[in-house]
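Participant: Structure file start_26.csv, CSV, C-alpha atoms (C1' of nucleotides), is pasted below:
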```csv
chain,number,residue,atom,x,y,z
A,1,MET,CA,-94.6,-87.7,-30.3
A,2,ASN,CA,-92.9,-91.0,-31.2
A,3,LEU,CA,-91.3,-92.3,-34.3
A,4,GLN,CA,-94.4,-93.9,-35.8
A,5,GLU,CA,-96.6,-90.9,-35.1
A,6,ALA,CA,-94.0,-88.7,-36.9
A,7,ILE,CA,-94.0,-91.0,-39.9
A,8,ASN,CA,-97.8,-90.9,-40.0
A,9,VAL,CA,-97.8,-87.2,-40.0
A,10,LEU,CA,-95.4,-87.2,-42.9
A,11,LYS,CA,-97.6,-89.6,-44.9
A,12,GLU,CA,-100.8,-87.9,-44.1
A,13,LYS,CA,-99.5,-84.6,-45.5
A,14,GLY,CA,-98.3,-86.3,-48.7
A,15,TYR,CA,-94.6,-86.2,-48.1
A,16,LYS,CA,-92.4,-89.0,-49.2
A,17,THR,CA,-90.9,-91.2,-46.5
A,18,THR,CA,-87.4,-91.7,-47.6
A,19,GLY,CA,-84.7,-93.6,-45.9
A,20,LYS,CA,-83.0,-90.4,-44.7
A,21,ARG,CA,-86.2,-89.0,-43.4
A,22,LYS,CA,-86.7,-92.0,-41.3
A,23,ASP,CA,-83.0,-91.9,-40.2
A,24,ILE,CA,-83.5,-88.4,-39.0
A,25,LEU,CA,-86.6,-89.2,-37.0
A,26,GLU,CA,-84.9,-92.2,-35.5
A,27,PHE,CA,-82.0,-90.1,-34.5
A,28,PHE,CA,-84.3,-87.7,-32.6
A,29,SER,CA,-86.5,-90.4,-31.1
A,30,SER,CA,-83.3,-92.0,-29.7
A,31,LYS,CA,-82.4,-88.8,-27.8
A,32,ASP,CA,-84.3,-87.1,-25.1
A,33,GLY,CA,-82.9,-83.6,-25.5
A,34,TYR,CA,-82.3,-80.8,-27.8
A,35,ARG,CA,-79.7,-81.5,-30.5
A,36,PRO,CA,-78.0,-79.2,-33.0
A,37,ALA,CA,-77.8,-80.0,-36.7
A,38,LYS,CA,-74.1,-80.9,-36.4
A,39,ASP,CA,-74.9,-83.8,-34.2
A,40,LEU,CA,-77.4,-85.1,-36.7
A,41,ILE,CA,-74.9,-84.7,-39.5
A,42,ALA,CA,-72.3,-86.6,-37.5
A,43,HIS,CA,-74.8,-89.4,-36.9
A,44,LEU,CA,-75.8,-89.7,-40.6
A,45,GLU,CA,-72.2,-89.6,-41.8
A,46,LYS,CA,-71.5,-92.7,-39.9
A,47,LYS,CA,-74.0,-94.5,-42.0
A,48,TYR,CA,-73.7,-92.7,-45.4
A,49,GLY,CA,-70.1,-91.3,-45.4
A,50,ALA,CA,-71.4,-88.0,-46.5
A,51,ILE,CA,-74.7,-86.2,-46.4
A,52,SER,CA,-75.9,-83.0,-48.1
A,53,PHE,CA,-76.4,-80.0,-45.9
A,54,ASP,CA,-79.5,-79.4,-48.0
A,55,THR,CA,-81.0,-82.7,-46.9
A,56,ILE,CA,-80.3,-82.0,-43.3
A,57,TYR,CA,-81.7,-78.5,-43.1
A,58,ARG,CA,-84.6,-79.0,-45.5
A,59,ASN,CA,-85.9,-81.8,-43.4
A,60,LEU,CA,-85.3,-80.1,-40.1
A,61,HIS,CA,-87.4,-77.1,-41.3
A,62,LEU,CA,-90.0,-79.4,-42.7
A,63,TYR,CA,-90.3,-81.3,-39.5
A,64,HIS,CA,-90.5,-78.1,-37.6
A,65,ASP,CA,-93.2,-76.7,-39.8
A,66,LEU,CA,-95.2,-79.9,-39.4
A,67,GLY,CA,-94.9,-79.7,-35.7
A,68,ILE,CA,-92.8,-82.9,-35.5
A,69,LEU,CA,-89.8,-81.1,-34.1
A,70,GLU,CA,-89.5,-78.3,-31.5
A,71,LYS,CA,-86.7,-75.7,-32.0
A,72,THR,CA,-84.7,-73.5,-29.8
A,73,ASP,CA,-81.8,-71.1,-30.3
A,74,LEU,CA,-78.9,-71.9,-28.1
A,75,GLU,CA,-75.8,-69.7,-28.4
A,76,GLY,CA,-76.2,-69.1,-32.1
A,77,GLU,CA,-77.1,-72.7,-33.0
A,78,LYS,CA,-80.5,-74.0,-33.6
A,79,HIS,CA,-81.3,-77.1,-31.6
A,80,PHE,CA,-84.2,-79.6,-32.2
A,81,ARG,CA,-86.0,-82.3,-30.3
A,82,LEU,CA,-89.1,-84.4,-31.0
A,83,SER,CA,-92.2,-82.5,-30.0
A,84,CYS,CA,-93.9,-83.6,-26.8
A,85,SER,CA,-97.3,-82.7,-28.0
A,86,HIS,CA,-99.5,-84.1,-25.3
A,87,HIS,CA,-99.8,-80.9,-23.4
A,88,HIS,CA,-98.3,-77.4,-23.0
A,89,HIS,CA,-95.2,-77.2,-21.0
A,90,HIS,CA,-91.6,-75.8,-21.0
A,91,HIS,CA,-88.2,-77.2,-20.4
A,92,PHE,CA,-85.2,-77.3,-18.2
A,93,ILE,CA,-82.2,-77.8,-20.6
A,94,CYS,CA,-78.9,-79.2,-19.4
A,95,ARG,CA,-76.1,-77.2,-20.9
A,96,ASP,CA,-73.7,-80.2,-20.8
A,97,CYS,CA,-75.7,-83.1,-22.2
A,98,GLY,CA,-78.7,-81.2,-23.8
A,99,LYS,CA,-81.2,-83.4,-22.0
A,100,THR,CA,-84.5,-81.8,-21.0
A,101,LYS,CA,-86.9,-82.0,-18.1
A,102,GLU,CA,-90.4,-80.8,-18.5
A,103,ILE,CA,-91.5,-77.9,-16.4
A,104,GLU,CA,-95.3,-77.7,-15.8
A,105,VAL,CA,-95.6,-74.1,-14.7
A,106,CYS,CA,-96.4,-71.6,-17.5
A,107,PRO,CA,-96.6,-67.9,-16.7
A,108,MET,CA,-98.4,-66.9,-19.8
A,109,ASP,CA,-101.9,-66.5,-18.4
A,110,THR,CA,-100.7,-64.0,-15.8
A,111,ALA,CA,-98.4,-62.3,-18.3
A,112,LEU,CA,-101.2,-61.7,-20.8
A,113,ALA,CA,-102.9,-59.4,-18.4
A,114,GLU,CA,-99.9,-57.1,-18.8
A,115,LEU,CA,-100.1,-57.1,-22.5
A,116,THR,CA,-103.5,-55.8,-23.6
A,117,ASN,CA,-103.4,-54.4,-27.1
A,118,TYR,CA,-100.3,-56.5,-28.0
A,119,GLU,CA,-100.4,-59.3,-30.5
A,120,ILE,CA,-98.8,-62.4,-29.1
A,121,ASP,CA,-97.3,-64.9,-31.5
A,122,ASP,CA,-95.1,-67.0,-29.3
A,123,HIS,CA,-93.3,-67.3,-26.0
A,124,LYS,CA,-90.3,-69.1,-24.5
A,125,PHE,CA,-89.7,-70.1,-21.0
A,126,GLU,CA,-86.5,-72.1,-20.6
A,127,ILE,CA,-84.3,-72.9,-17.6
A,128,TYR,CA,-80.6,-73.6,-18.1
A,129,GLY,CA,-78.2,-75.4,-15.9
A,130,ARG,CA,-76.9,-78.9,-15.2
A,131,CYS,CA,-78.9,-82.0,-14.7
A,132,PRO,CA,-78.2,-84.4,-11.7
A,133,SER,CA,-76.4,-87.0,-13.8
A,134,CYS,CA,-74.0,-84.4,-15.3
A,135,LEU,CA,-73.4,-83.0,-11.8
A,136,ASN,CA,-72.3,-86.4,-10.6
A,137,ALA,CA,-70.1,-87.2,-13.6
B,138,MET,CA,-78.9,-48.5,-16.3
B,139,ASN,CA,-78.3,-45.3,-18.0
B,140,LEU,CA,-75.3,-43.9,-20.0
B,141,GLN,CA,-73.5,-42.4,-17.0
B,142,GLU,CA,-73.9,-45.4,-14.9
B,143,ALA,CA,-72.5,-47.6,-17.6
B,144,ILE,CA,-69.5,-45.3,-18.1
B,145,ASN,CA,-68.9,-45.4,-14.3
B,146,VAL,CA,-68.9,-49.2,-14.3
B,147,LEU,CA,-66.4,-49.2,-17.1
B,148,LYS,CA,-64.1,-46.8,-15.2
B,149,GLU,CA,-64.5,-48.6,-11.8
B,150,LYS,CA,-63.3,-51.8,-13.4
B,151,GLY,CA,-60.3,-50.2,-14.9
B,152,TYR,CA,-61.4,-50.2,-18.6
B,153,LYS,CA,-60.5,-47.2,-20.8
B,154,THR,CA,-63.3,-45.0,-21.9
B,155,THR,CA,-62.6,-44.5,-25.5
B,156,GLY,CA,-64.7,-42.5,-28.0
B,157,LYS,CA,-66.0,-45.6,-29.6
B,158,ARG,CA,-67.0,-47.1,-26.3
B,159,LYS,CA,-69.0,-44.1,-25.5
B,160,ASP,CA,-70.6,-44.1,-28.9
B,161,ILE,CA,-71.7,-47.7,-28.4
B,162,LEU,CA,-73.2,-46.9,-25.1
B,163,GLU,CA,-74.9,-43.8,-26.5
B,164,PHE,CA,-76.4,-46.0,-29.3
B,165,PHE,CA,-78.0,-48.4,-26.8
B,166,SER,CA,-79.1,-45.7,-24.4
B,167,SER,CA,-81.0,-44.0,-27.3
B,168,LYS,CA,-82.9,-47.2,-28.1
B,169,ASP,CA,-85.4,-49.0,-25.9
B,170,GLY,CA,-85.2,-52.5,-27.4
B,171,TYR,CA,-83.0,-55.3,-28.4
B,172,ARG,CA,-80.6,-54.4,-31.3
B,173,PRO,CA,-78.4,-56.7,-33.4
B,174,ALA,CA,-74.7,-56.0,-34.0
B,175,LYS,CA,-75.5,-55.0,-37.6
B,176,ASP,CA,-77.6,-52.0,-36.4
B,177,LEU,CA,-74.8,-50.8,-34.2
B,178,ILE,CA,-72.3,-51.2,-37.1
B,179,ALA,CA,-74.6,-49.2,-39.4
B,180,HIS,CA,-74.9,-46.5,-36.8
B,181,LEU,CA,-71.1,-46.2,-36.2
B,182,GLU,CA,-70.3,-46.2,-39.9
B,183,LYS,CA,-72.4,-43.1,-40.3
B,184,LYS,CA,-69.8,-41.4,-38.0
B,185,TYR,CA,-66.6,-43.1,-38.9
B,186,GLY,CA,-67.1,-44.5,-42.4
B,187,ALA,CA,-65.8,-47.9,-41.4
B,188,ILE,CA,-65.4,-49.7,-38.1
B,189,SER,CA,-63.7,-52.9,-37.2
B,190,PHE,CA,-65.8,-55.9,-36.4
B,191,ASP,CA,-63.3,-56.6,-33.7
B,192,THR,CA,-64.1,-53.3,-32.0
B,193,ILE,CA,-67.9,-54.0,-32.2
B,194,TYR,CA,-67.9,-57.6,-30.9
B,195,ARG,CA,-65.1,-57.1,-28.4
B,196,ASN,CA,-67.0,-54.3,-26.7
B,197,LEU,CA,-70.4,-56.0,-27.0
B,198,HIS,CA,-68.9,-59.0,-25.1
B,199,LEU,CA,-67.2,-56.8,-22.6
B,200,TYR,CA,-70.4,-54.9,-21.9
B,201,HIS,CA,-72.3,-58.1,-21.5
B,202,ASP,CA,-69.7,-59.5,-19.2
B,203,LEU,CA,-69.8,-56.4,-17.1
B,204,GLY,CA,-73.6,-56.6,-16.9
B,205,ILE,CA,-74.1,-53.4,-18.9
B,206,LEU,CA,-75.8,-55.1,-21.7
B,207,GLU,CA,-78.4,-57.9,-21.8
B,208,LYS,CA,-78.2,-60.4,-24.6
B,209,THR,CA,-80.8,-62.6,-26.3
B,210,ASP,CA,-80.6,-64.9,-29.3
B,211,LEU,CA,-83.2,-64.1,-31.9
B,212,GLU,CA,-83.2,-66.2,-35.1
B,213,GLY,CA,-79.5,-66.8,-35.2
B,214,GLU,CA,-78.5,-63.3,-34.4
B,215,LYS,CA,-77.5,-62.0,-31.0
B,216,HIS,CA,-79.4,-58.9,-29.9
B,217,PHE,CA,-78.4,-56.5,-27.1
B,218,ARG,CA,-80.0,-53.9,-25.0
B,219,LEU,CA,-79.0,-51.8,-21.9
B,220,SER,CA,-79.5,-53.7,-18.7
B,221,CYS,CA,-82.5,-52.6,-16.7
B,222,SER,CA,-80.9,-53.6,-13.5
B,223,HIS,CA,-83.3,-52.1,-11.0
B,224,HIS,CA,-85.3,-55.3,-10.4
B,225,HIS,CA,-85.8,-58.8,-11.9
B,226,HIS,CA,-88.2,-59.0,-14.8
B,227,HIS,CA,-88.6,-60.3,-18.3
B,228,HIS,CA,-89.6,-58.9,-21.7
B,229,PHE,CA,-92.1,-58.8,-24.4
B,230,ILE,CA,-90.1,-58.3,-27.6
B,231,CYS,CA,-91.7,-56.8,-30.7
B,232,ARG,CA,-90.6,-58.8,-33.7
B,233,ASP,CA,-91.0,-55.8,-36.0
B,234,CYS,CA,-89.3,-52.9,-34.2
B,235,GLY,CA,-87.4,-54.8,-31.5
B,236,LYS,CA,-88.9,-52.7,-28.7
B,237,THR,CA,-89.5,-54.3,-25.4
B,238,LYS,CA,-92.0,-54.1,-22.6
B,239,GLU,CA,-91.2,-55.3,-19.1
B,240,ILE,CA,-93.2,-58.3,-17.8
B,241,GLU,CA,-93.3,-58.4,-14.1
B,242,VAL,CA,-94.3,-62.0,-13.6
B,243,CYS,CA,-91.5,-64.5,-13.1
B,244,PRO,CA,-92.3,-68.2,-12.7
B,245,MET,CA,-88.9,-69.3,-11.4
B,246,ASP,CA,-89.9,-69.7,-7.8
B,247,THR,CA,-92.6,-72.2,-8.6
B,248,ALA,CA,-90.5,-73.9,-11.3
B,249,LEU,CA,-87.6,-74.4,-8.8
B,250,ALA,CA,-89.8,-76.8,-6.8
B,251,GLU,CA,-89.8,-79.1,-9.9
B,252,LEU,CA,-86.0,-79.0,-10.1
B,253,THR,CA,-84.5,-80.4,-6.9
B,254,ASN,CA,-81.0,-81.7,-7.4
B,255,TYR,CA,-80.6,-79.6,-10.5
B,256,GLU,CA,-78.0,-76.8,-10.7
B,257,ILE,CA,-79.7,-73.7,-12.2
B,258,ASP,CA,-77.5,-71.2,-13.9
B,259,ASP,CA,-80.0,-69.0,-15.8
B,260,HIS,CA,-83.4,-68.8,-17.3
B,261,LYS,CA,-85.3,-67.0,-20.0
B,262,PHE,CA,-88.9,-66.0,-20.3
B,263,GLU,CA,-89.6,-64.0,-23.4
B,264,ILE,CA,-92.9,-63.2,-25.2
B,265,TYR,CA,-92.8,-62.5,-28.9
B,266,GLY,CA,-95.3,-60.7,-31.1
B,267,ARG,CA,-96.1,-57.2,-32.2
B,268,CYS,CA,-96.4,-54.1,-30.1
B,269,PRO,CA,-99.4,-51.7,-30.4
B,270,SER,CA,-97.6,-49.1,-32.4
B,271,CYS,CA,-96.4,-51.6,-35.0
B,272,LEU,CA,-99.9,-53.1,-35.2
B,273,ASN,CA,-101.3,-49.6,-36.1
B,274,ALA,CA,-98.6,-48.8,-38.7
C,275,DC,C1',-46.2,-31.7,-20.3
C,276,DA,C1',-43.6,-36.0,-22.0
C,277,DT,C1',-43.7,-40.6,-22.5
C,278,DA,C1',-44.1,-45.4,-22.3
C,279,DA,C1',-46.8,-49.5,-21.1
C,280,DA,C1',-51.1,-51.3,-21.5
C,281,DA,C1',-55.2,-51.4,-23.6
C,282,DG,C1',-57.8,-50.6,-27.7
C,283,DT,C1',-58.5,-50.5,-32.7
C,284,DC,C1',-57.8,-51.6,-37.6
C,285,DG,C1',-58.2,-54.3,-41.7
C,286,DT,C1',-58.7,-58.4,-43.1
C,287,DA,C1',-58.7,-63.4,-43.2
C,288,DA,C1',-60.8,-67.4,-41.2
C,289,DT,C1',-64.6,-70.0,-39.2
C,290,DC,C1',-69.1,-71.8,-38.5
C,291,DA,C1',-73.9,-72.5,-39.2
C,292,DT,C1',-77.0,-72.1,-42.6
C,293,DT,C1',-78.9,-71.2,-47.3
C,294,DC,C1',-78.9,-71.6,-52.2
C,295,DC,C1',-78.4,-73.7,-56.8
C,296,DT,C1',-78.4,-77.2,-60.6
C,297,DA,C1',-78.0,-81.8,-61.9
C,298,DT,C1',-79.2,-86.3,-60.8
C,299,DT,C1',-81.7,-89.8,-58.3
C,300,DT,C1',-85.8,-91.8,-56.0
C,301,DA,C1',-90.5,-92.7,-54.2
C,302,DC,C1',-94.8,-93.8,-55.4
C,303,DA,C1',-99.1,-93.3,-58.0
C,304,DA,C1',-101.2,-94.6,-62.3
D,305,DT,C1',-93.2,-100.8,-65.1
D,306,DT,C1',-92.9,-96.2,-65.9
D,307,DG,C1',-93.6,-91.1,-65.7
D,308,DT,C1',-93.0,-87.4,-62.9
D,309,DA,C1',-92.9,-84.6,-59.0
D,310,DA,C1',-90.3,-84.7,-55.0
D,311,DA,C1',-86.0,-85.5,-52.8
D,312,DT,C1',-81.0,-85.6,-52.6
D,313,DA,C1',-76.1,-84.7,-53.9
D,314,DG,C1',-72.3,-81.8,-54.0
D,315,DG,C1',-70.6,-77.8,-53.6
D,316,DA,C1',-70.7,-72.7,-53.8
D,317,DA,C1',-72.5,-68.6,-51.5
D,318,DT,C1',-74.0,-65.9,-47.5
D,319,DG,C1',-74.2,-63.8,-43.1
D,320,DA,C1',-72.9,-63.5,-38.4
D,321,DT,C1',-69.1,-63.9,-35.6
D,322,DT,C1',-64.2,-64.7,-34.2
D,323,DA,C1',-59.2,-64.4,-34.7
D,324,DC,C1',-54.8,-62.1,-35.5
D,325,DG,C1',-50.7,-59.3,-36.2
D,326,DA,C1',-49.7,-54.5,-36.9
D,327,DC,C1',-50.7,-50.0,-35.5
D,328,DT,C1',-52.8,-46.2,-32.5
D,329,DT,C1',-54.8,-44.2,-28.4
D,330,DT,C1',-55.6,-43.8,-23.4
D,331,DT,C1',-54.0,-43.1,-19.1
D,332,DA,C1',-50.8,-43.4,-15.2
D,333,DT,C1',-46.6,-41.6,-13.8
D,334,DG,C1',-42.4,-38.7,-13.4
```
Starting from the file, give its structure as structure tokens.

Facilitator:
Amino acid sequence: MNLQEAINVLKEKGYKTTGKRKDILEFFSSKDGYRPAKDLIAHLEKKYGAISFDTIYRNLHLYHDLGILEKTDLEGEKHFRLSCSHHHHHHFICRDCGKTKEIEVCPMDTALAELTNYEIDDHKFEIYGRCPSCLNA
Amino acid sequence: MNLQEAINVLKEKGYKTTGKRKDILEFFSSKDGYRPAKDLIAHLEKKYGAISFDTIYRNLHLYHDLGILEKTDLEGEKHFRLSCSHHHHHHFICRDCGKTKEIEVCPMDTALAELTNYEIDDHKFEIYGRCPSCLNA
DNA sequence: CATAAAAGTCGTAATCATTCCTATTTACAA
DNA sequence: TTGTAAATAGGAATGATTACGACTTTTATG
């Protein structure tokens, strides 16, 4: 999903497109990895001097509910990135820079065979480590 | 890993086996799912009336470092369970009762082919939902 | 046993991410 | 342009976790 698509989703659903909402989307569309709220706060404070936590977290949740942002829990902090909605896949996540690489393999189809009579809501397959550019630096 | 094995690991590494350390291990060996610190605190308070956070978290970290406990991040809370060290596998986790079911399939071998030049430290494959007994209740 | 050093624990304060609250401001439809 | 529901500000509250100095227990050793 890109910036314009995200704004369209917002408008279609009847949400207002405020300056800060656009700023938040621009922030994530300029990154290609998972980012914690604190990075977003730091970014917006450069422009506005101060920003309400409420604005940050309300919009992060809204975007997540609308499918605009993906979320993952990394060491007690929620991290977000723009959804890559084109197809189902998982991520390698660099623990230094937060950048992600798509992993095409998904083990759910075989795993489901082991889970008859279970209700499945969600699943997570993530690989952690260091990406080539962080290894060289 | 069972209670006695865990105590052995503790002794082998030169750590003292105090009453509270045994209590903590007994707590986890009596459960078969991931439990948050707050459940452990509630359990120990029944016996001791009050317990220091320091004792709880210090020992949870120690056990995790020693490989006695496995850890996962669930909605901003760290959850722990006794390691099932016999072989590599993953878990289904019930979001109601916390109980887990082992999943044998692991996609890492195929995923690694997509990650040449990456340093891989860890990976997580978890399936979330509701277990049969919670579905019936 | 006695005992002392090391390791563990206590009680509480501090920290950090996140949530909550009320007053004020803003986007946008009419 | 204006009315109003939605959004934001500013800061207090919450909940999990970490930190710390003082005190207590475990365990090795004589």

Participant: Can you pull out the residues contacting region 235-249 of chain B? Cut-off 9 Å, using all atoms listed in the file, and skip same-chain residues under 3 positions away; I want them as a PDB file with C-alpha atoms, in the coordinates of the input.

Facilitator:
```
ATOM      1  CA  ILE A 103     -91.500 -77.900 -16.400  1.00  0.00           C
ATOM      2  CA  GLU A 104     -95.300 -77.700 -15.800  1.00  0.00           C
ATOM      3  CA  VAL A 105     -95.600 -74.100 -14.700  1.00  0.00           C
ATOM      4  CA  CYS A 106     -96.400 -71.600 -17.500  1.00  0.00           C
ATOM      5  CA  PRO A 107     -96.600 -67.900 -16.700  1.00  0.00           C
ATOM      6  CA  MET A 108     -98.400 -66.900 -19.800  1.00  0.00           C
ATOM      7  CA  THR A 110    -100.700 -64.000 -15.800  1.00  0.00           C
ATOM      8  CA  ALA A 111     -98.400 -62.300 -18.300  1.00  0.00           C
ATOM      9  CA  GLU A 114     -99.900 -57.100 -18.800  1.00  0.00           C
ATOM     10  CA  LEU A 115    -100.100 -57.100 -22.500  1.00  0.00           C
ATOM     11  CA  PHE A 125     -89.700 -70.100 -21.000  1.00  0.00           C
ATOM     12  CA  ILE A 127     -84.300 -72.900 -17.600  1.00  0.00           C
TER      13      ILE A 127
ATOM     14  CA  LYS B 168     -82.900 -47.200 -28.100  1.00  0.00           C
ATOM     15  CA  ASP B 169     -85.400 -49.000 -25.900  1.00  0.00           C
ATOM     16  CA  GLY B 170     -85.200 -52.500 -27.400  1.00  0.00           C
ATOM     17  CA  TYR B 171     -83.000 -55.300 -28.400  1.00  0.00           C
ATOM     18  CA  ARG B 172     -80.600 -54.400 -31.300  1.00  0.00           C
ATOM     19  CA  HIS B 225     -85.800 -58.800 -11.900  1.00  0.00           C
ATOM     20  CA  HIS B 226     -88.200 -59.000 -14.800  1.00  0.00           C
ATOM     21  CA  HIS B 227     -88.600 -60.300 -18.300  1.00  0.00           C
ATOM     22  CA  HIS B 228     -89.600 -58.900 -21.700  1.00  0.00           C
ATOM     23  CA  PHE B 229     -92.100 -58.800 -24.400  1.00  0.00           C
ATOM     24  CA  ILE B 230     -90.100 -58.300 -27.600  1.00  0.00           C
ATOM     25  CA  CYS B 231     -91.700 -56.800 -30.700  1.00  0.00           C
ATOM     26  CA  ARG B 232     -90.600 -58.800 -33.700  1.00  0.00           C
ATOM     27  CA  LEU B 252     -86.000 -79.000 -10.100  1.00  0.00           C
ATOM     28  CA  THR B 253     -84.500 -80.400  -6.900  1.00  0.00           C
ATOM     29  CA  TYR B 255     -80.600 -79.600 -10.500  1.00  0.00           C
ATOM     30  CA  ILE B 257     -79.700 -73.700 -12.200  1.00  0.00           C
ATOM     31  CA  HIS B 260     -83.400 -68.800 -17.300  1.00  0.00           C
ATOM     32  CA  PHE B 262     -88.900 -66.000 -20.300  1.00  0.00           C
ATOM     33  CA  GLU B 263     -89.600 -64.000 -23.400  1.00  0.00           C
ATOM     34  CA  ILE B 264     -92.900 -63.200 -25.200  1.00  0.00           C
ATOM     35  CA  CYS B 268     -96.400 -54.100 -30.100  1.00  0.00           C
TER      36      CYS B 268
END
```

Participant: Pick out the residues sitting within 12 Å of DG325 (chain D), and hand them over as a PDB file with C-alpha atoms (C1' of nucleotides), in the coordinates of the input; count all atoms listed in the file, and ignore anything fewer than 3 positions along from it in its own chain.

Facilitator:
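Output file result.pdb is given in full below:
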```pdb
ATOM      1  C1'  DC C 284     -57.800 -51.600 -37.600  1.00  0.00           C
ATOM      2  C1'  DG C 285     -58.200 -54.300 -41.700  1.00  0.00           C
ATOM      3  C1'  DT C 286     -58.700 -58.400 -43.100  1.00  0.00           C
ATOM      4  C1'  DA C 287     -58.700 -63.400 -43.200  1.00  0.00           C
TER       5       DA C 287
END
```

Participant: Would you be able to write out as a PyMOL selection string which residues have an atom within 10 Å of (-51.7, -42.6, -18.3) in the file's coordinates, counting only C-alpha atoms (C1' of nucleotides)?

Facilitator: (chain C and resi 277-280) or (chain D and resi 330-333)

Participant: Need the shell around DT321 (chain D): protein/DNA/RNA residues with any atom at most 12 Å away, counting only C-alpha atoms (C1' of nucleotides). Skip same-chain ones fewer than 4 positions apart. Format as a list of chain:residue names?

Facilitator: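 Near DT321 (chain D), the qualifying residues are A:Glu75, A:Gly76, B:Pro173, B:Ala174, B:Lys175, B:Phe190, B:Asp191, B:Ile193, B:Tyr194, B:Arg195, B:Leu197, B:His198, B:Gly213, B:Glu214, B:Lys215, C:DA288, C:DT289, C:DC290, C:DA291.
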
Participant: Using only C-alpha atoms (C1' of nucleotides) and a distance of at most 9 Å, pull out the residues of chain C that contact chain A, as number ranges by chain.

Facilitator: C: 291-294, 300-302

Participant: DT312 (chain D): which residues within 9 Å, counting all atoms listed in the file, same-chain residues fewer than 2 positions away excluded, as a count of residues only?

Facilitator: 7

Participant: Could you check how far CA of Glu119 (chain A) sits from CA of Ala274 (chain B), in Å to one decimal?

Facilitator: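 Pair CA of Glu119 (chain A) / CA of Ala274 (chain B) returns 13.4 Å.
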
Participant: For the point (-69.3, -81.8, -52.3) in file coordinates, what residues are within 9 Å, counting all atoms listed in the file? Give the answer as a list in words?

Facilitator: Ala50 and Ser52 of chain A; DA313, DG314 and DG315 of chain D

Participant: Taking 4 positions as the minimum chain separation for residues in the same chain, which residues sit within 12 Å of Asn8 (chain A) when counting all atoms listed in the file? Answer as a list in words.

Facilitator: Met1, Asn2, Leu3, Gln4, Glu12, Lys13, Gly14, Tyr15, Lys16, Thr17, Lys22, Leu25, Leu66 and Ile68 of chain A
